[in-house]
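Colleague: Before I ask anything, let me first share the structure, which is written out below as structure tokens.
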Amino acid sequence: MIKGKFIDNLPKIYGLYTGGFLVFIILMAIAEQAGMSAKLIGIFFVAFTVGIYALIGWLSRTMQTDAYYVAGRQVPTVFNGMATAADWMSGASFVAMAGGIYFKGYGYMALLVGWTGGYVLVASLLAPYLRKFGCYTVPDFIGTRYGGNAARLSAVLVLTVASFTYVTAQINATGTIASVALDIPFGIAVYVGLASILMCSMLGGMRAVTWTQVAQYIVLIIAYLLPVFWISNKMGAGFFPHFMLADEVARIAELESQFGLGTVKNSAADMAQVKAFGKVAGITKAHSEVNTTPWKFISLAVCMMAGTASLPHVMMRYFTTPSVKTARRSVGWSLFFIFLLYSSAPMLATLSKLSLMDPTLPTGIIGKSIAEVEAIDWYQNWNQAKLMFISDFNGNGTLELNEFFMGGKAVVLATPEIAGLPYVISGLVAAGGMAAAMSTADGLVLAISNALSHDVYYKIINPKAETAKRLIVARILLVLIGFAGATIAALEIQGILGSVIWAFDFAMSGLFFPLVLGVWWKRANAQGAVAGMLLGLAAGTAYLIWVRSGGAGFWGVTQLTFGIVGSLVSLVAMVVVSLITKAPDAATQRMVDEVRIPSGRTVLGKSH
Amino acid sequence: MSKQQQHWEKTRMHLFITLAIWFVFSIGIFFFGAEMESSSIRPLGYPLSYYMTCQGSLGIFVILIFWFANRQEKIDEEFGFSEREDD
């Protein structure tokens with residue numbers, strides 16, 4: 001059926017795959033009409049998609065370092081864009097983002113700006129130069145550019161702290177979705193999630209992760225866009241929601257004032273009742289109004305942008321393209337594919353909110369009698385899942401806006417059901433969430449284990465190790481890190497979104513300036529870089545701990561934006577220490593010159 | 001000035017322009033959130049502040065990266081530093 005090399009046939013292969021997936025959705029829809037239970041549909045969706053990823057993982061197995069670490073450096077521009085988008089968009093983006101916008105409005109959308117704007121920095125400051133360098137990992141660049149094991153180890157340290165914070169959140173998300181879709185306890189579901197993650201990455205390293213991530217992107221983008229378009233059309237809000245929801249946004253503002261948003265307040269006793277129920281929240285912020293100070297918005301966006309440019313699992317995706325030119329273009333494609341989902345999240349939040357709020361719509365519940373709402377099927381389901389709660393605080397028998405509470409995840413997970421879409425869409429959304437969380441977890445686990453196996457084991461401990469041994473060590477580390485992540489995830493220490501934001505701040509604190517100055521400032525030397533990484537990370541962490549334990553903080557920097565403090569300390573330390581110590585030698589300076597032009601050989605050899 | 005220095009000069013200039021545009025749409029305009037909200041400019045009917053956060057800035061970033069890549073490729077070609085196709 002398919003002749004020739006795999007790489008030449010990519011459009012055909014993924015075209016068939018997408019077609020096959022659409023056929024699967026239709027089959028499930030028919031099965032639902034024929035009476036298949038919702039539970040079974042959920043199980044089919046998750047099992048079928050995860051099975052396919054595992055198959056791709058197995059087909060991509062390899063025993064070559066070049067393929068294991070950088071997918072043989074032959075991933076075409078557009079496909080690398082898709083893989084990066086899946087790598088990037090985590091369970092948090094998929095499941096929690098629309099919910100965040102739903103509850104917090106404009107203030108939260110700083111994350112949308114930050115998580116896209118960062119790619120401009122990636123494309124212009126770093127990706128093409130690191131590709132020219134020819135490294136396998138981010139610490140590989142730091143270690144070779146600055147020279148010395150101290151720089152290499154510091155980079156591994158920052159990478160591990162940031163990526164590990166991030167990966168526990170992703171394994172947590174896979175566990176949450178697997179536990180809902182497969183109906184198993186969370187503590188077990190976490191390990192089911194882990195097993196699926198390891199199946200994709202263990203045998204084929206970066207090569208396997210690349211091709212599963214492309215497959216995962218296709219699933220997650222269909223799962224996100226299909227309900228948004230469907231709901232919008234069903235509501236008659238507009239054929240193309242992104243361009244046509246202005247009236248709906250205005251209508252929400254009108255309803256907000258009609259229902260007394262911000263004027264009717266709940267008492268402390270009322271809120272205690274909500275808190276006792278679970279992690280749900282009411283609408284307290286206006287949907288589209290500017291509701292935060294410029295500095296709060298900007299500081300959060302800045303942290304997310306600099307964090308994007310410092311997170312190693314994103315950067316290493318651009319090591320897999322065939323050339324410097326394709327690395328640069330590939331960043332553009334990545335952001336395009338990310339844009340498709342991110343620009344849809346506010347639309348989903350709008351549609352979801354209007355479905356619930358507008359009394360003229362059949363789905364609207366605000367203004368209905370409490371008894372009526374309690375009798376609705378989906379309310380009962382999501383109430384049982386601890387994601388929806390109502391209570392008649394003022395005792396008038398009618399549901400008011402301030403009496404309705406919902407969990408952040410419910411905006412994505414429950415809206416299809418609320419809007420009256422068939423259950424097959426909810427199954428699809430679960431598969432999409434699983435794809436999003438798995439693809440990011442894969443990238444992160446691989447980033448950590450590659451840094452440990454390549455930079456610590458091969459470059460420092462045992463430089464004479466043969467290929468086979470290196471790759472076995474890499475795989476053992478992969479499994480160990482996966483298990484460590486799952487064990488911590490099972491403890492459920494912090495929420496998904498909070499720890500994701502922390503990961504960005506950690507990465508920014510330790511790595512942003514050492515990476516950027518490595519390319520753009522020839523005078524930067526090893527001592528400066530080590531000081532920058534270690535002091536930046538230490539300052540950021542100290543500030544986080546201080547604020548978490550009740551410290552007042554300064555400059556309006558919160559626990560979500562501590563990267564500002566960390567990276568400033570990092571910048572100052574790096575510049576000062578570099579200037580008071582010796583300039584890098586001539587060979588290093590030549591190396592930087594070499595990195596700055598696309599032509600010629602990479603700095604590091606093809607297999608190193 | 002050597003060819004390589006000239007190439008780097010131009011590349012650096014190109015970076016500054018790119019970052020300036022990036023700064024305007026990622027940071028600059030959000031100093032004026034309230035002004036954007038009350039502005040009479042309403043793309044597709046959305047309030048300007050809302051539009052920029054959910055589509056405007058994001059879309060501009062996508063275009064900016066492709067523009068950046070194209071122009072950088074031209075600079076590389078001009079100085080004969082672009083990669084050979086069979087690389």
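Simple scheme: letters A, B, ... for chains in structure tokens order, numbers from 1 for residues in each chain, numbers from 1 for ligands in the order shown.
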Mind running stretch 109-131 of chain A against stretch 59-78 of chain B at 10 Å and telling me each contacting residue's nearest atom pair with the distance in Å (one decimal), counting only C-alpha atoms, chain and number ascending, as a Markdown table?
Modeller:
| residue | atom | partner | partner_atom | distance |
| --- | --- | --- | --- | --- |
| A:Val113 | CA | B:Phe61 | CA | 9.3 |
| A:Thr116 | CA | B:Phe61 | CA | 7.1 |
| A:Gly117 | CA | B:Phe61 | CA | 6.2 |
| A:Gly118 | CA | B:Phe61 | CA | 9.1 |
| A:Tyr119 | CA | B:Phe61 | CA | 7.8 |
| A:Val120 | CA | B:Ile65 | CA | 6.0 |
| A:Leu121 | CA | B:Ile65 | CA | 9.3 |
| A:Val122 | CA | B:Ile65 | CA | 9.5 |
| A:Ala123 | CA | B:Ile65 | CA | 6.7 |
| A:Ser124 | CA | B:Phe68 | CA | 7.5 |
| A:Pro128 | CA | B:Ala69 | CA | 9.8 |
Colleague: Which residues come within 10 Å of stretch 146-159 of chain A, counting only C-alpha atoms, excluding same-chain residues fewer than 6 positions away, as a PyMOL selection string?
Modeller: chain A and resi 137-140+165+310-313+444+447-448+450-452+455-456+459-460+503+506-511+514-515+518+524-534+536-538+584+588
Colleague: Generate a file of the selected residues that holds C-alpha atoms, formatted as a PDB file, in the first residue's frame.
Modeller:
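Contents of selection17.pdb, freshly written:
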ATOM      1  CA  THR A 137      20.017  18.090  24.778  1.00  0.00           C
ATOM      2  CA  VAL A 138      19.842  21.612  26.200  1.00  0.00           C
ATOM      3  CA  PRO A 139      22.560  20.964  28.838  1.00  0.00           C
ATOM      4  CA  ASP A 140      24.661  19.629  25.957  1.00  0.00           C
ATOM      5  CA  THR A 165       7.453  20.018  38.427  1.00  0.00           C
ATOM      6  CA  SER A 310      13.694  28.159  28.466  1.00  0.00           C
ATOM      7  CA  LEU A 311      11.755  24.914  28.750  1.00  0.00           C
ATOM      8  CA  PRO A 312      14.014  22.161  27.422  1.00  0.00           C
ATOM      9  CA  HIS A 313      11.283  19.817  26.205  1.00  0.00           C
ATOM     10  CA  LEU A 444       9.122  15.975  29.564  1.00  0.00           C
ATOM     11  CA  ALA A 447      13.898  15.611  28.289  1.00  0.00           C
ATOM     12  CA  ILE A 448      14.860  14.664  31.842  1.00  0.00           C
ATOM     13  CA  ASN A 450      18.039  12.279  28.038  1.00  0.00           C
ATOM     14  CA  ALA A 451      19.792  14.959  30.053  1.00  0.00           C
ATOM     15  CA  LEU A 452      20.680  12.462  32.757  1.00  0.00           C
ATOM     16  CA  ASP A 455      24.976  14.701  29.926  1.00  0.00           C
ATOM     17  CA  VAL A 456      25.541  13.064  33.273  1.00  0.00           C
ATOM     18  CA  LYS A 459      29.581  12.961  29.111  1.00  0.00           C
ATOM     19  CA  ILE A 460      30.711  12.891  32.738  1.00  0.00           C
ATOM     20  CA  ALA A 503       7.558  25.019  35.967  1.00  0.00           C
ATOM     21  CA  PHE A 506      11.706  27.697  37.439  1.00  0.00           C
ATOM     22  CA  ALA A 507      12.907  27.305  33.857  1.00  0.00           C
ATOM     23  CA  MET A 508      12.980  31.057  33.345  1.00  0.00           C
ATOM     24  CA  SER A 509      14.867  31.667  36.600  1.00  0.00           C
ATOM     25  CA  GLY A 510      17.693  29.302  35.776  1.00  0.00           C
ATOM     26  CA  LEU A 511      17.990  28.924  32.037  1.00  0.00           C
ATOM     27  CA  PRO A 514      22.394  31.517  30.202  1.00  0.00           C
ATOM     28  CA  LEU A 515      20.810  30.218  26.970  1.00  0.00           C
ATOM     29  CA  GLY A 518      25.323  31.924  25.153  1.00  0.00           C
ATOM     30  CA  ALA A 524      29.744  35.223  28.575  1.00  0.00           C
ATOM     31  CA  ASN A 525      31.891  32.543  30.189  1.00  0.00           C
ATOM     32  CA  ALA A 526      31.501  29.382  32.244  1.00  0.00           C
ATOM     33  CA  GLN A 527      31.802  31.031  35.655  1.00  0.00           C
ATOM     34  CA  GLY A 528      29.155  33.567  34.719  1.00  0.00           C
ATOM     35  CA  ALA A 529      26.804  30.924  33.368  1.00  0.00           C
ATOM     36  CA  VAL A 530      27.122  28.720  36.438  1.00  0.00           C
ATOM     37  CA  ALA A 531      26.496  31.704  38.719  1.00  0.00           C
ATOM     38  CA  GLY A 532      23.543  32.738  36.578  1.00  0.00           C
ATOM     39  CA  MET A 533      21.929  29.312  36.633  1.00  0.00           C
ATOM     40  CA  LEU A 534      22.478  28.480  40.278  1.00  0.00           C
ATOM     41  CA  GLY A 536      18.810  32.444  39.513  1.00  0.00           C
ATOM     42  CA  LEU A 537      17.255  29.143  40.490  1.00  0.00           C
ATOM     43  CA  ALA A 538      18.068  29.681  44.173  1.00  0.00           C
ATOM     44  CA  PRO A 584      36.331  32.756  27.004  1.00  0.00           C
ATOM     45  CA  THR A 588      35.023  29.193  22.250  1.00  0.00           C
TER      46      THR A 588
END
Colleague: Taking the DSSP assignment computed from this structure's backbone, write out as a ChimeraX atom specification all residues of chain B that belong to alpha helix (DSSP H).
Modeller: /B:3-26,33-38,48-51,57-78
Colleague: Can you pull out every residue within 7 Å of A:Val78, counting only C-alpha atoms, but drop anything in the same chain fewer than 4 positions away, and send it as a JSON list (two decimals) with C-alpha atoms, in the first residue's frame?
Modeller:
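What follows is the written file around19.json:
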[["chain", "number", "residue", "atom", "x", "y", "z"],
["A", 82, "MET", "CA", 2.39, 19.48, 14.93],
["A", 330, "SER", "CA", 9.05, 24.97, 12.16],
["A", 333, "TRP", "CA", 4.17, 26.12, 12.21]]
Colleague: Please provide the set of residues having any atom within 12 Å of B:Lys3, restricted to only C-alpha atoms, with same-chain residues fewer than 3 positions apart removed, written as a PyMOL selection string.
Modeller: (chain A and resi 593+597) or (chain B and resi 6-10+75-76+78-81)
Colleague: Restrict the selected residues to N, CA and C atoms and save them as an mmCIF file, in the first residue's frame.
Modeller:
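Here's the written file out_19.cif:
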data_model
loop_
_atom_site.group_PDB
_atom_site.id
_atom_site.type_symbol
_atom_site.label_atom_id
_atom_site.label_comp_id
_atom_site.auth_asym_id
_atom_site.auth_seq_id
_atom_site.Cartn_x
_atom_site.Cartn_y
_atom_site.Cartn_z
ATOM 1 N N ASP A 593 30.953 32.153 16.783
ATOM 2 C CA ASP A 593 30.860 32.670 15.415
ATOM 3 C C ASP A 593 30.249 31.636 14.483
ATOM 4 N N ILE A 597 26.109 31.446 11.956
ATOM 5 C CA ILE A 597 25.777 31.344 10.526
ATOM 6 C C ILE A 597 25.189 29.958 10.252
ATOM 7 N N GLN B 6 29.439 41.635 8.934
ATOM 8 C CA GLN B 6 28.313 42.325 8.289
ATOM 9 C C GLN B 6 27.031 41.516 8.426
ATOM 10 N N HIS B 7 27.174 40.214 8.206
ATOM 11 C CA HIS B 7 26.019 39.324 8.325
ATOM 12 C C HIS B 7 25.431 39.407 9.729
ATOM 13 N N TRP B 8 26.308 39.420 10.724
ATOM 14 C CA TRP B 8 25.816 39.444 12.105
ATOM 15 C C TRP B 8 25.180 40.786 12.448
ATOM 16 N N GLU B 9 25.764 41.879 11.920
ATOM 17 C CA GLU B 9 25.175 43.211 12.106
ATOM 18 C C GLU B 9 23.733 43.213 11.638
ATOM 19 N N LYS B 10 23.546 42.713 10.420
ATOM 20 C CA LYS B 10 22.222 42.718 9.813
ATOM 21 C C LYS B 10 21.271 41.803 10.583
ATOM 22 N N ILE B 75 18.621 37.352 4.432
ATOM 23 C CA ILE B 75 19.904 37.870 4.925
ATOM 24 C C ILE B 75 20.986 36.802 4.772
ATOM 25 N N ASP B 76 20.658 35.560 5.145
ATOM 26 C CA ASP B 76 21.638 34.479 5.036
ATOM 27 C C ASP B 76 22.079 34.278 3.586
ATOM 28 N N GLU B 78 22.002 36.503 1.135
ATOM 29 C CA GLU B 78 22.757 37.666 0.689
ATOM 30 C C GLU B 78 24.250 37.498 0.951
ATOM 31 N N PHE B 79 24.585 36.910 2.085
ATOM 32 C CA PHE B 79 25.997 36.768 2.437
ATOM 33 C C PHE B 79 26.532 35.374 2.120
ATOM 34 N N GLY B 80 25.708 34.574 1.447
ATOM 35 C CA GLY B 80 26.158 33.238 1.072
ATOM 36 C C GLY B 80 26.297 32.283 2.243
ATOM 37 N N PHE B 81 25.496 32.502 3.287
ATOM 38 C CA PHE B 81 25.590 31.636 4.455
ATOM 39 C C PHE B 81 24.433 30.644 4.558
#
Colleague: I'd like to know which of A:Met109, A:Val70, A:Leu571, A:Leu126 is closest to A:Val290, using only C-alpha atoms.
Modeller: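 Of A:Met109, A:Val70, A:Leu571, A:Leu126, the one nearest A:Val290, counting only C-alpha atoms, is A:Met109.
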Colleague: Between A:Ala410, A:Ala583, A:Ile221, A:Val592, which is the closest to chain B once you count only C-alpha atoms?
Modeller: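 Of A:Ala410, A:Ala583, A:Ile221, A:Val592, the one nearest chain B is A:Val592, counting only C-alpha atoms.
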Colleague: Mind dumping a table of every stretch 1-53 of chain B residue within 7 Å of stretch 232-249 of chain A, with the nearest atom pair and its distance in Å to one decimal, using only C-alpha atoms, sorted by chain and rising number, as JSON lines?
Modeller:
{"residue": "B:Leu44", "atom": "CA", "partner": "A:Phe243", "partner_atom": "CA", "distance": 6.4}
{"residue": "B:Gly45", "atom": "CA", "partner": "A:Ala246", "partner_atom": "CA", "distance": 5.1}
{"residue": "B:Tyr46", "atom": "CA", "partner": "A:Ala246", "partner_atom": "CA", "distance": 4.9}
Colleague: Please indicate the distance in Å from atom CA of A:Val565 to atom CA of A:Val314, rounded to one decimal place.
Modeller: 22.9 Å
Colleague: Work out how far atom CA of A:Ile25 is from atom CA of A:Ser60, in Å to one decimal.
Modeller: 26.0 Å
Colleague: To one decimal place, how far is atom CA of A:Ile564 from atom CA of A:Arg145 in Å?
Modeller: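 Separating atom CA of A:Ile564 from atom CA of A:Arg145 is a distance of 25.1 Å.
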